[in-house]
file start-v6.cif (mmCIF, C-alpha atoms, pLDDT in the B column; chains and numbers go by the auth columns)
data_my_file
loop_
_atom_site.group_PDB
_atom_site.id
_atom_site.type_symbol
_atom_site.label_atom_id
_atom_site.label_comp_id
_atom_site.label_asym_id
_atom_site.label_seq_id
_atom_site.Cartn_x
_atom_site.Cartn_y
_atom_site.Cartn_z
_atom_site.B_iso_or_equiv
_atom_site.auth_seq_id
_atom_site.auth_asym_id
ATOM 1 C CA MET A 1 -56.770 -31.358 2.064 50.00 3 A
ATOM 2 C CA ARG A 2 -57.101 -30.950 5.819 51.00 4 A
ATOM 3 C CA GLU A 3 -54.346 -33.517 6.345 50.00 5 A
ATOM 4 C CA ARG A 4 -52.058 -31.563 4.049 50.00 6 A
ATOM 5 C CA ARG A 5 -52.708 -28.339 5.994 50.00 7 A
ATOM 6 C CA ARG A 6 -51.900 -30.100 9.250 50.00 8 A
ATOM 7 C CA ARG A 7 -48.565 -31.264 7.821 50.00 9 A
ATOM 8 C CA VAL A 8 -47.720 -27.773 6.594 45.00 10 A
ATOM 9 C CA GLY A 9 -48.655 -26.342 9.984 48.00 11 A
ATOM 10 C CA ARG A 10 -46.458 -28.819 11.793 50.00 12 A
ATOM 11 C CA THR A 11 -43.589 -28.047 9.439 48.00 13 A
ATOM 12 C CA LYS A 12 -43.883 -24.303 10.043 49.00 14 A
ATOM 13 C CA GLY A 13 -44.219 -24.740 13.778 47.00 15 A
ATOM 14 C CA THR A 14 -41.092 -26.840 13.985 45.00 16 A
ATOM 15 C CA LYS A 15 -38.831 -23.995 12.826 47.00 17 A
ATOM 16 C CA GLY A 16 -37.388 -22.211 15.881 45.00 18 A
ATOM 17 C CA SER A 17 -39.637 -24.188 18.175 48.00 19 A
ATOM 18 C CA GLY A 18 -36.768 -25.130 20.474 47.00 20 A
ATOM 19 C CA GLU A 19 -36.697 -28.832 19.604 49.00 21 A
ATOM 20 C CA PRO A 20 -33.386 -30.649 20.249 48.00 22 A
ATOM 21 C CA GLY A 21 -32.572 -30.969 16.574 51.00 23 A
ATOM 22 C CA ASP A 22 -32.799 -27.224 15.994 55.00 24 A
ATOM 23 C CA ALA A 23 -30.691 -26.418 19.076 50.00 25 A
ATOM 24 C CA SER A 24 -27.992 -28.853 17.998 54.00 26 A
ATOM 25 C CA SER A 25 -27.929 -27.360 14.521 61.00 27 A
ATOM 26 C CA PHE A 26 -27.595 -23.834 15.919 50.00 28 A
ATOM 27 C CA LEU A 27 -24.772 -24.836 18.267 50.00 29 A
ATOM 28 C CA SER A 28 -22.976 -26.639 15.463 57.00 30 A
ATOM 29 C CA ARG A 29 -23.093 -23.552 13.267 60.00 31 A
ATOM 30 C CA ALA A 30 -21.869 -21.405 16.156 52.00 32 A
ATOM 31 C CA VAL A 31 -18.949 -23.740 16.833 45.00 33 A
ATOM 32 C CA VAL A 32 -17.979 -23.777 13.160 48.00 34 A
ATOM 33 C CA ALA A 33 -18.137 -19.983 12.996 49.00 35 A
ATOM 34 C CA PHE A 34 -15.980 -19.683 16.126 43.00 36 A
ATOM 35 C CA GLU A 35 -13.388 -22.075 14.715 50.00 37 A
ATOM 36 C CA VAL A 36 -13.206 -20.091 11.485 42.00 38 A
ATOM 37 C CA VAL A 37 -12.712 -16.804 13.327 40.00 39 A
ATOM 38 C CA TYR A 38 -10.199 -18.304 15.746 41.00 40 A
ATOM 39 C CA SER A 39 -8.166 -19.960 13.004 44.00 41 A
ATOM 40 C CA ALA A 40 -7.973 -16.642 11.162 43.00 42 A
ATOM 41 C CA GLY A 41 -6.417 -14.921 14.179 43.00 43 A
ATOM 42 C CA ALA A 42 -2.709 -14.800 14.936 42.00 44 A
ATOM 43 C CA PRO A 43 -1.631 -17.754 17.087 41.00 45 A
ATOM 44 C CA ASP A 44 0.824 -15.578 18.975 50.00 46 A
ATOM 45 C CA GLU A 45 -2.003 -13.422 20.276 52.00 47 A
ATOM 46 C CA GLY A 46 -3.777 -16.530 21.492 51.00 48 A
ATOM 47 C CA ALA A 47 -0.640 -17.587 23.323 48.00 49 A
ATOM 48 C CA VAL A 48 -0.394 -14.144 24.882 47.00 50 A
ATOM 49 C CA ARG A 49 -4.003 -14.340 26.070 53.00 51 A
ATOM 50 C CA ARG A 50 -3.438 -17.757 27.592 49.00 52 A
ATOM 51 C CA ASN A 51 -0.305 -16.538 29.326 50.00 53 A
ATOM 52 C CA VAL A 52 -2.102 -13.491 30.709 50.00 54 A
ATOM 53 C CA LEU A 53 -4.885 -15.678 32.055 57.00 55 A
ATOM 54 C CA THR A 54 -2.394 -18.097 33.607 76.00 56 A
ATOM 55 C CA PRO A 55 0.829 -16.103 34.152 79.00 57 A
ATOM 56 C CA THR A 56 4.117 -17.876 34.587 89.00 58 A
ATOM 57 C CA PRO A 57 5.052 -18.004 38.290 92.00 59 A
ATOM 58 C CA ILE A 58 7.514 -15.325 39.348 92.00 60 A
ATOM 59 C CA HIS A 59 10.142 -17.871 40.406 92.00 61 A
ATOM 60 C CA ARG A 60 10.297 -19.084 36.805 93.00 62 A
ATOM 61 C CA ARG A 61 10.998 -15.561 35.491 95.00 63 A
ATOM 62 C CA PRO A 62 14.559 -14.726 36.606 96.00 64 A
ATOM 63 C CA LEU A 63 14.585 -11.151 35.307 96.00 65 A
ATOM 64 C CA ASP A 64 11.253 -10.280 36.896 97.00 66 A
ATOM 65 C CA LEU A 65 12.300 -11.952 40.136 97.00 67 A
ATOM 66 C CA ALA A 66 15.513 -9.916 40.234 97.00 68 A
ATOM 67 C CA LEU A 67 13.550 -6.713 39.597 98.00 69 A
ATOM 68 C CA VAL A 68 11.057 -7.589 42.327 98.00 70 A
ATOM 69 C CA LEU A 69 13.843 -8.169 44.846 97.00 71 A
ATOM 70 C CA PHE A 70 15.665 -4.973 43.924 98.00 72 A
ATOM 71 C CA PHE A 71 12.546 -2.818 43.886 98.00 73 A
ATOM 72 C CA SER A 72 11.510 -4.242 47.254 98.00 74 A
ATOM 73 C CA ILE A 73 14.763 -2.879 48.662 97.00 75 A
ATOM 74 C CA SER A 74 14.079 0.421 46.887 97.00 76 A
ATOM 75 C CA VAL A 75 10.670 0.709 48.545 97.00 77 A
ATOM 76 C CA LEU A 76 12.153 0.137 51.994 97.00 78 A
ATOM 77 C CA TYR A 77 14.958 2.605 51.344 96.00 79 A
ATOM 78 C CA GLY A 78 12.539 5.214 50.054 96.00 80 A
ATOM 79 C CA PHE A 79 10.304 5.070 53.112 97.00 81 A
ATOM 80 C CA LEU A 80 13.013 4.542 55.742 96.00 82 A
ATOM 81 C CA PHE A 81 15.778 6.842 54.468 96.00 83 A
ATOM 82 C CA SER A 82 14.824 9.145 51.593 95.00 84 A
ATOM 83 C CA LEU A 83 11.453 10.369 52.826 96.00 85 A
ATOM 84 C CA PRO A 84 12.588 11.268 56.370 97.00 86 A
ATOM 85 C CA GLU A 85 15.659 13.025 54.986 96.00 87 A
ATOM 86 C CA GLY A 86 13.536 14.975 52.536 96.00 88 A
ATOM 87 C CA LEU A 87 11.186 15.984 55.352 96.00 89 A
ATOM 88 C CA GLY A 88 14.067 17.514 57.267 95.00 90 A
ATOM 89 C CA PHE A 89 15.391 14.811 59.578 96.00 91 A
ATOM 90 C CA PRO A 90 19.173 15.256 59.779 95.00 92 A
ATOM 91 C CA VAL A 91 21.736 12.662 58.788 95.00 93 A
ATOM 92 C CA SER A 92 23.748 12.653 61.993 94.00 94 A
ATOM 93 C CA PRO A 93 24.873 10.340 64.804 94.00 95 A
ATOM 94 C CA ASP A 94 22.099 11.665 67.048 94.00 96 A
ATOM 95 C CA SER A 95 19.357 11.939 64.425 94.00 97 A
ATOM 96 C CA PRO A 96 15.845 11.528 65.861 95.00 98 A
ATOM 97 C CA TRP A 97 15.182 9.045 63.051 96.00 99 A
ATOM 98 C CA PRO A 98 17.385 5.974 63.768 94.00 100 A
ATOM 99 C CA PRO A 99 17.871 4.799 60.148 94.00 101 A
ATOM 100 C CA LEU A 100 19.527 8.120 59.298 95.00 102 A
ATOM 101 C CA ARG A 101 22.066 7.540 62.050 94.00 103 A
ATOM 102 C CA ALA A 102 23.281 4.506 60.117 92.00 104 A
ATOM 103 C CA LEU A 103 23.546 6.653 56.982 92.00 105 A
ATOM 104 C CA HIS A 104 25.854 9.135 58.703 93.00 106 A
ATOM 105 C CA GLU A 105 29.068 7.147 58.238 90.00 107 A
ATOM 106 C CA TRP A 106 28.282 6.597 54.561 90.00 108 A
ATOM 107 C CA ALA A 107 27.627 10.316 54.128 91.00 109 A
ATOM 108 C CA ILE A 108 30.976 11.222 55.658 90.00 110 A
ATOM 109 C CA ALA A 109 32.877 8.703 53.550 88.00 111 A
ATOM 110 C CA GLU A 110 31.103 8.966 50.177 88.00 112 A
ATOM 111 C CA GLU A 111 28.339 11.595 50.057 89.00 113 A
ATOM 112 C CA PRO A 112 29.006 14.604 52.286 89.00 114 A
ATOM 113 C CA ALA A 113 26.125 16.412 50.589 88.00 115 A
ATOM 114 C CA HIS A 114 23.741 14.439 52.815 91.00 116 A
ATOM 115 C CA LEU A 115 25.162 16.193 55.864 91.00 117 A
ATOM 116 C CA ASP A 116 23.866 19.534 54.578 90.00 118 A
ATOM 117 C CA PRO A 117 21.621 18.654 51.630 90.00 119 A
ATOM 118 C CA PRO A 118 21.165 21.269 48.891 90.00 120 A
ATOM 119 C CA PRO A 119 17.684 21.919 47.461 90.00 121 A
ATOM 120 C CA ASN A 120 18.035 19.556 44.494 88.00 122 A
ATOM 121 C CA LEU A 121 19.113 16.715 46.791 90.00 123 A
ATOM 122 C CA ILE A 122 16.111 17.381 49.008 93.00 124 A
ATOM 123 C CA ALA A 123 13.926 17.315 45.894 93.00 125 A
ATOM 124 C CA ALA A 124 15.434 13.965 44.894 93.00 126 A
ATOM 125 C CA THR A 125 14.750 12.437 48.303 94.00 127 A
ATOM 126 C CA LEU A 126 11.174 13.741 48.302 95.00 128 A
ATOM 127 C CA PHE A 127 10.690 12.299 44.827 95.00 129 A
ATOM 128 C CA ASP A 128 11.968 8.987 46.112 95.00 130 A
ATOM 129 C CA GLY A 129 9.691 8.961 49.134 95.00 131 A
ATOM 130 C CA PHE A 130 6.494 10.436 47.715 96.00 132 A
ATOM 131 C CA PHE A 131 6.519 9.087 44.149 96.00 133 A
ATOM 132 C CA GLN A 132 9.058 6.369 43.549 96.00 134 A
ATOM 133 C CA ALA A 133 8.416 4.171 46.586 96.00 135 A
ATOM 134 C CA PRO A 134 4.584 4.229 46.272 97.00 136 A
ATOM 135 C CA ALA A 135 4.766 3.672 42.508 97.00 137 A
ATOM 136 C CA LEU A 136 7.060 0.710 43.027 97.00 138 A
ATOM 137 C CA LEU A 137 4.463 -0.959 45.239 97.00 139 A
ATOM 138 C CA PHE A 138 2.188 -1.147 42.201 97.00 140 A
ATOM 139 C CA VAL A 139 5.099 -2.125 39.953 97.00 141 A
ATOM 140 C CA LEU A 140 5.762 -5.080 42.252 97.00 142 A
ATOM 141 C CA ILE A 141 2.136 -6.177 42.032 96.00 143 A
ATOM 142 C CA GLY A 142 2.171 -5.793 38.266 96.00 144 A
ATOM 143 C CA LEU A 143 5.393 -7.757 37.862 96.00 145 A
ATOM 144 C CA VAL A 144 4.274 -10.645 40.028 95.00 146 A
ATOM 145 C CA GLY A 145 0.838 -10.888 38.418 93.00 147 A
ATOM 146 C CA LEU A 146 1.832 -9.765 34.897 94.00 148 A
ATOM 147 C CA ARG A 147 -0.876 -7.105 34.853 93.00 149 A
ATOM 148 C CA SER A 148 -1.517 -5.328 31.573 92.00 150 A
ATOM 149 C CA TRP A 149 -1.527 -1.920 33.287 95.00 151 A
ATOM 150 C CA LEU A 150 2.121 -2.443 34.222 96.00 152 A
ATOM 151 C CA ARG A 151 3.201 -1.301 30.754 96.00 153 A
ATOM 152 C CA PRO A 152 2.090 2.366 31.008 96.00 154 A
ATOM 153 C CA LEU A 153 2.980 2.565 34.694 97.00 155 A
ATOM 154 C CA GLY A 154 6.384 0.982 34.132 97.00 156 A
ATOM 155 C CA LEU A 155 7.230 3.312 31.263 97.00 157 A
ATOM 156 C CA VAL A 156 6.246 6.420 33.221 97.00 158 A
ATOM 157 C CA TYR A 157 8.127 5.257 36.294 97.00 159 A
ATOM 158 C CA ALA A 158 11.225 4.253 34.325 97.00 160 A
ATOM 159 C CA GLY A 159 11.461 7.626 32.598 97.00 161 A
ATOM 160 C CA ALA A 160 10.953 9.550 35.827 96.00 162 A
ATOM 161 C CA ALA A 161 13.396 7.418 37.835 96.00 163 A
ATOM 162 C CA VAL A 162 16.184 7.598 35.249 97.00 164 A
ATOM 163 C CA THR A 163 15.735 11.372 34.984 95.00 165 A
ATOM 164 C CA ASN A 164 15.820 11.721 38.767 94.00 166 A
ATOM 165 C CA MET A 165 19.057 9.750 39.002 95.00 167 A
ATOM 166 C CA PHE A 166 20.594 11.875 36.256 94.00 168 A
ATOM 167 C CA PHE A 167 20.101 15.010 38.337 91.00 169 A
ATOM 168 C CA TYR A 168 21.167 13.142 41.466 91.00 170 A
ATOM 169 C CA PHE A 169 24.468 12.150 39.866 92.00 171 A
ATOM 170 C CA THR A 170 24.915 15.662 38.493 90.00 172 A
ATOM 171 C CA GLN A 171 24.693 17.077 41.998 86.00 173 A
ATOM 172 C CA THR A 172 27.030 14.406 43.330 88.00 174 A
ATOM 173 C CA PHE A 173 29.826 14.688 40.783 91.00 175 A
ATOM 174 C CA LEU A 174 29.607 18.388 39.910 89.00 176 A
ATOM 175 C CA GLY A 175 28.856 19.620 43.405 85.00 177 A
ATOM 176 C CA PRO A 176 31.414 20.818 45.937 86.00 178 A
ATOM 177 C CA HIS A 177 31.887 17.350 47.474 83.00 179 A
ATOM 178 C CA PRO A 178 32.290 14.630 44.822 88.00 180 A
ATOM 179 C CA PRO A 179 32.729 11.077 46.139 88.00 181 A
ATOM 180 C CA PRO A 180 36.379 10.203 46.790 87.00 182 A
ATOM 181 C CA ASN A 181 35.930 6.623 45.571 89.00 183 A
ATOM 182 C CA THR A 182 33.976 6.814 42.327 91.00 184 A
ATOM 183 C CA LEU A 183 33.769 3.085 41.606 93.00 185 A
ATOM 184 C CA TYR A 184 32.656 2.271 45.130 91.00 186 A
ATOM 185 C CA TYR A 185 30.048 5.004 44.994 93.00 187 A
ATOM 186 C CA LEU A 186 28.705 3.888 41.613 94.00 188 A
ATOM 187 C CA ALA A 187 28.510 0.267 42.724 94.00 189 A
ATOM 188 C CA PHE A 188 25.928 1.260 45.343 93.00 190 A
ATOM 189 C CA ASN A 189 24.082 3.971 43.396 94.00 191 A
ATOM 190 C CA LEU A 190 24.183 3.157 39.687 96.00 192 A
ATOM 191 C CA PRO A 191 21.724 0.231 40.053 96.00 193 A
ATOM 192 C CA TRP A 192 19.026 2.789 40.895 96.00 194 A
ATOM 193 C CA MET A 193 19.405 4.103 37.346 97.00 195 A
ATOM 194 C CA ILE A 194 19.962 0.776 35.593 97.00 196 A
ATOM 195 C CA ALA A 195 17.063 -1.151 37.151 98.00 197 A
ATOM 196 C CA PRO A 196 14.347 1.351 36.092 98.00 198 A
ATOM 197 C CA ALA A 197 15.803 1.405 32.575 98.00 199 A
ATOM 198 C CA ILE A 198 15.665 -2.397 32.440 98.00 200 A
ATOM 199 C CA LEU A 199 12.081 -2.289 33.682 98.00 201 A
ATOM 200 C CA GLY A 200 11.144 0.156 30.931 97.00 202 A
ATOM 201 C CA ILE A 201 12.625 -2.093 28.234 97.00 203 A
ATOM 202 C CA ARG A 202 11.040 -5.168 29.785 96.00 204 A
ATOM 203 C CA VAL A 203 7.495 -3.764 29.864 96.00 205 A
ATOM 204 C CA LEU A 204 7.864 -2.194 26.430 95.00 206 A
ATOM 205 C CA LEU A 205 8.968 -5.397 24.708 93.00 207 A
ATOM 206 C CA GLY A 206 7.367 -8.001 26.964 90.00 208 A
ATOM 207 C CA ARG A 207 4.578 -9.835 25.134 86.00 209 A
ATOM 208 C CA ASP A 208 3.297 -11.543 28.266 88.00 210 A
ATOM 209 C CA LEU A 209 1.642 -8.281 29.345 85.00 211 A
ATOM 210 C CA GLY A 210 -0.733 -8.377 26.396 66.00 212 A
ATOM 211 C CA PRO A 211 -0.572 -6.533 23.072 59.00 213 A
ATOM 212 C CA SER A 212 0.455 -2.901 23.256 54.00 214 A
ATOM 213 C CA ALA A 213 -2.071 -0.319 22.172 51.00 215 A
#

call {"tool": "encode", "arguments": {"input": "start-v6.cif", "output": "structure tokens"}}
result
Amino acid sequence: MRERRRRVGRTKGTKGSGEPGDASSFLSRAVVAFEVVYSAGAPDEGAVRRNVLTPTPIHRRPLDLALVLFFSISVLYGFLFSLPEGLGFPVSPDSPWPPLRALHEWAIAEEPAHLDPPPNLIAATLFDGFFQAPALLFVLIGLVGLRSWLRPLGLVYAGAAVTNMFFYFTQTFLGPHPPPNTLYYLAFNLPWMIAPAILGIRVLLGRDLGPSA
């Protein structure tokens, strides 16, 4: 009778006692449960997660690389040209801000409005310097690293930038001094409307940024 009680006691004590057999059984059940859950999920989502964890290098993404190069130029232009002009530095041969001296010949030939900017042109340059250029710094980081927060930022920026260029072109073509060479003017200015639109489509449809909310 005592021997039987000892056996029962040992049997009860073995359960959850931390012996190797119990640990292996628990891990096996956990692995099986994980495999069942994982197999039930969509494989595309798993591929997206793997791509987010190990993003494709930027040099292997031609569209993103082109956007990064273009937006890098936009950042420099915003800080070197647009912001000083919006703050009141004149576009003239003797401007106290040297980059605006280089813009003077272009203004005479294609955009005379820069010589005496109206309020909406000043607003556009301030938008470029205070919002667009700083926002693009984060867009560049998001594009290179494929950050998930690039989607909302990219959509907001794209909408704002396209709207800004719409009013910019309205002032240019409907103002008192339209550009004499329309095609030449558009070749240098239309990309600032097209590139943000492409960015908006790219972040909206791109699956490598993670699933959209």

call {"tool": "resolve_selection", "arguments": {"input": "start-v6.cif", "expression": "the PyMOL selection byres ((chain A and resi 173) around 12)", "output": "PyMOL selection string"}}
result
chain A and resi 113-116+119-126+166-172+174-181

call {"tool": "residues_around", "arguments": {"input": "start-v6.cif", "residues": "Gly144 (chain A)", "least_positions_apart": "3", "cutoff": "10 Å", "atoms": "all atoms listed in the file", "output": "PyMOL selection string"}}
result
chain A and resi 70+138-141+147-153+155-156+211

call {"tool": "atom_distance", "arguments": {"input": "start-v6.cif", "atom1": "CA of Leu188 (chain A)", "atom2": "CA of Leu145 (chain A)"}}
result
26.3 Å

call {"tool": "axis_aligned_box", "arguments": {"input": "start-v6.cif", "around": "region 154-169 of chain A", "padding_each_side": "5 Å", "output": "AutoDock Vina command-line options"}}
result
--center_x 11.3 --center_y 8.0 --center_z 35.0 --size_x 28.5 --size_y 24.0 --size_z 18.0

call {"tool": "atom_distance", "arguments": {"input": "start-v6.cif", "atom1": "CA of Leu85 (chain A)", "atom2": "CA of Leu65 (chain A)"}}
result
27.9 Å

call {"tool": "closest_residue", "arguments": {"input": "start-v6.cif", "among": "A:Thr127, A:Ser76, A:Ser94, A:Gln134", "to": "Gly161 (chain A)", "atoms": "only C-alpha atoms"}}
result
A:Gln134

call {"tool": "residues_around", "arguments": {"input": "start-v6.cif", "residues": "His106 (chain A)", "least_positions_apart": "2", "cutoff": "8 Å", "atoms": "all atoms listed in the file", "output": "PyMOL selection string"}}
result
chain A and resi 93-95+102-104+108-110+117

call {"tool": "resolve_selection", "arguments": {"input": "start-v6.cif", "expression": "the PyMOL selection byres ((chain A and resi 198) around 10)", "output": "PyMOL selection string"}}
result
chain A and resi 69+73+156-164+193-197+199-204

call {"tool": "atom_distance", "arguments": {"input": "start-v6.cif", "atom1": "CA of Leu206 (chain A)", "atom2": "CA of Phe72 (chain A)"}}
result
19.4 Å

call {"tool": "decode", "arguments": {"input": "start-v6.cif", "residues": "region 94-117 of chain A", "atoms": "N, CA and C atoms", "output": "PDB file, in the first residue's frame"}}
result
ATOM      1  N   SER A  94      18.534  89.135 -58.450  1.00  0.00           N
ATOM      2  CA  SER A  94      19.177  90.225 -59.189  1.00  0.00           C
ATOM      3  C   SER A  94      20.659  89.921 -59.342  1.00  0.00           C
ATOM      4  N   PRO A  95      21.332  90.636 -60.255  1.00  0.00           N
ATOM      5  CA  PRO A  95      22.769  90.378 -60.450  1.00  0.00           C
ATOM      6  C   PRO A  95      23.615  90.689 -59.218  1.00  0.00           C
ATOM      7  N   ASP A  96      23.128  91.583 -58.365  1.00  0.00           N
ATOM      8  CA  ASP A  96      23.887  91.953 -57.170  1.00  0.00           C
ATOM      9  C   ASP A  96      23.179  91.501 -55.891  1.00  0.00           C
ATOM     10  N   SER A  97      22.432  90.415 -55.978  1.00  0.00           N
ATOM     11  CA  SER A  97      21.714  89.907 -54.811  1.00  0.00           C
ATOM     12  C   SER A  97      22.696  89.548 -53.699  1.00  0.00           C
ATOM     13  N   PRO A  98      22.356  89.862 -52.447  1.00  0.00           N
ATOM     14  CA  PRO A  98      23.238  89.480 -51.339  1.00  0.00           C
ATOM     15  C   PRO A  98      23.329  87.971 -51.135  1.00  0.00           C
ATOM     16  N   TRP A  99      22.413  87.221 -51.736  1.00  0.00           N
ATOM     17  CA  TRP A  99      22.476  85.762 -51.659  1.00  0.00           C
ATOM     18  C   TRP A  99      22.957  85.234 -53.012  1.00  0.00           C
ATOM     19  N   PRO A 100      24.196  84.767 -53.113  1.00  0.00           N
ATOM     20  CA  PRO A 100      24.797  84.407 -54.412  1.00  0.00           C
ATOM     21  C   PRO A 100      23.973  83.460 -55.281  1.00  0.00           C
ATOM     22  N   PRO A 101      23.337  82.409 -54.734  1.00  0.00           N
ATOM     23  CA  PRO A 101      22.565  81.535 -55.635  1.00  0.00           C
ATOM     24  C   PRO A 101      21.486  82.265 -56.423  1.00  0.00           C
ATOM     25  N   LEU A 102      20.898  83.314 -55.836  1.00  0.00           N
ATOM     26  CA  LEU A 102      19.852  84.041 -56.555  1.00  0.00           C
ATOM     27  C   LEU A 102      20.418  84.908 -57.669  1.00  0.00           C
ATOM     28  N   ARG A 103      21.704  85.175 -57.643  1.00  0.00           N
ATOM     29  CA  ARG A 103      22.317  85.873 -58.773  1.00  0.00           C
ATOM     30  C   ARG A 103      22.293  84.978 -60.008  1.00  0.00           C
ATOM     31  N   ALA A 104      22.548  83.686 -59.790  1.00  0.00           N
ATOM     32  CA  ALA A 104      22.520  82.745 -60.916  1.00  0.00           C
ATOM     33  C   ALA A 104      21.114  82.573 -61.470  1.00  0.00           C
ATOM     34  N   LEU A 105      20.099  82.796 -60.628  1.00  0.00           N
ATOM     35  CA  LEU A 105      18.716  82.649 -61.076  1.00  0.00           C
ATOM     36  C   LEU A 105      18.239  83.854 -61.876  1.00  0.00           C
ATOM     37  N   HIS A 106      18.997  84.937 -61.852  1.00  0.00           N
ATOM     38  CA  HIS A 106      18.543  86.177 -62.484  1.00  0.00           C
ATOM     39  C   HIS A 106      18.374  86.019 -63.991  1.00  0.00           C
ATOM     40  N   GLU A 107      19.333  85.404 -64.656  1.00  0.00           N
ATOM     41  CA  GLU A 107      19.234  85.240 -66.109  1.00  0.00           C
ATOM     42  C   GLU A 107      18.042  84.368 -66.485  1.00  0.00           C
ATOM     43  N   TRP A 108      17.804  83.315 -65.706  1.00  0.00           N
ATOM     44  CA  TRP A 108      16.632  82.475 -65.967  1.00  0.00           C
ATOM     45  C   TRP A 108      15.350  83.279 -65.788  1.00  0.00           C
ATOM     46  N   ALA A 109      15.301  84.114 -64.763  1.00  0.00           N
ATOM     47  CA  ALA A 109      14.101  84.909 -64.513  1.00  0.00           C
ATOM     48  C   ALA A 109      13.830  85.863 -65.672  1.00  0.00           C
ATOM     49  N   ILE A 110      14.859  86.470 -66.198  1.00  0.00           N
ATOM     50  CA  ILE A 110      14.673  87.392 -67.320  1.00  0.00           C
ATOM     51  C   ILE A 110      14.171  86.648 -68.553  1.00  0.00           C
ATOM     52  N   ALA A 111      14.736  85.476 -68.802  1.00  0.00           N
ATOM     53  CA  ALA A 111      14.404  84.743 -70.025  1.00  0.00           C
ATOM     54  C   ALA A 111      13.074  84.009 -69.941  1.00  0.00           C
ATOM     55  N   GLU A 112      12.753  83.407 -68.772  1.00  0.00           N
ATOM     56  CA  GLU A 112      11.600  82.514 -68.699  1.00  0.00           C
ATOM     57  C   GLU A 112      10.561  82.902 -67.649  1.00  0.00           C
ATOM     58  N   GLU A 113      10.983  83.437 -66.515  1.00  0.00           N
ATOM     59  CA  GLU A 113      10.042  83.724 -65.432  1.00  0.00           C
ATOM     60  C   GLU A 113      10.280  85.120 -64.864  1.00  0.00           C
ATOM     61  N   PRO A 114       9.828  86.139 -65.565  1.00  0.00           N
ATOM     62  CA  PRO A 114      10.025  87.510 -65.068  1.00  0.00           C
ATOM     63  C   PRO A 114       9.344  87.778 -63.731  1.00  0.00           C
ATOM     64  N   ALA A 115       8.387  86.928 -63.361  1.00  0.00           N
ATOM     65  CA  ALA A 115       7.691  87.143 -62.090  1.00  0.00           C
ATOM     66  C   ALA A 115       8.653  87.076 -60.907  1.00  0.00           C
ATOM     67  N   HIS A 116       9.770  86.365 -61.062  1.00  0.00           N
ATOM     68  CA  HIS A 116      10.738  86.276 -59.969  1.00  0.00           C
ATOM     69  C   HIS A 116      11.458  87.603 -59.724  1.00  0.00           C
ATOM     70  N   LEU A 117      11.433  88.480 -60.701  1.00  0.00           N
ATOM     71  CA  LEU A 117      12.097  89.774 -60.520  1.00  0.00           C
ATOM     72  C   LEU A 117      11.307  90.673 -59.572  1.00  0.00           C
TER      73      LEU A 117
END
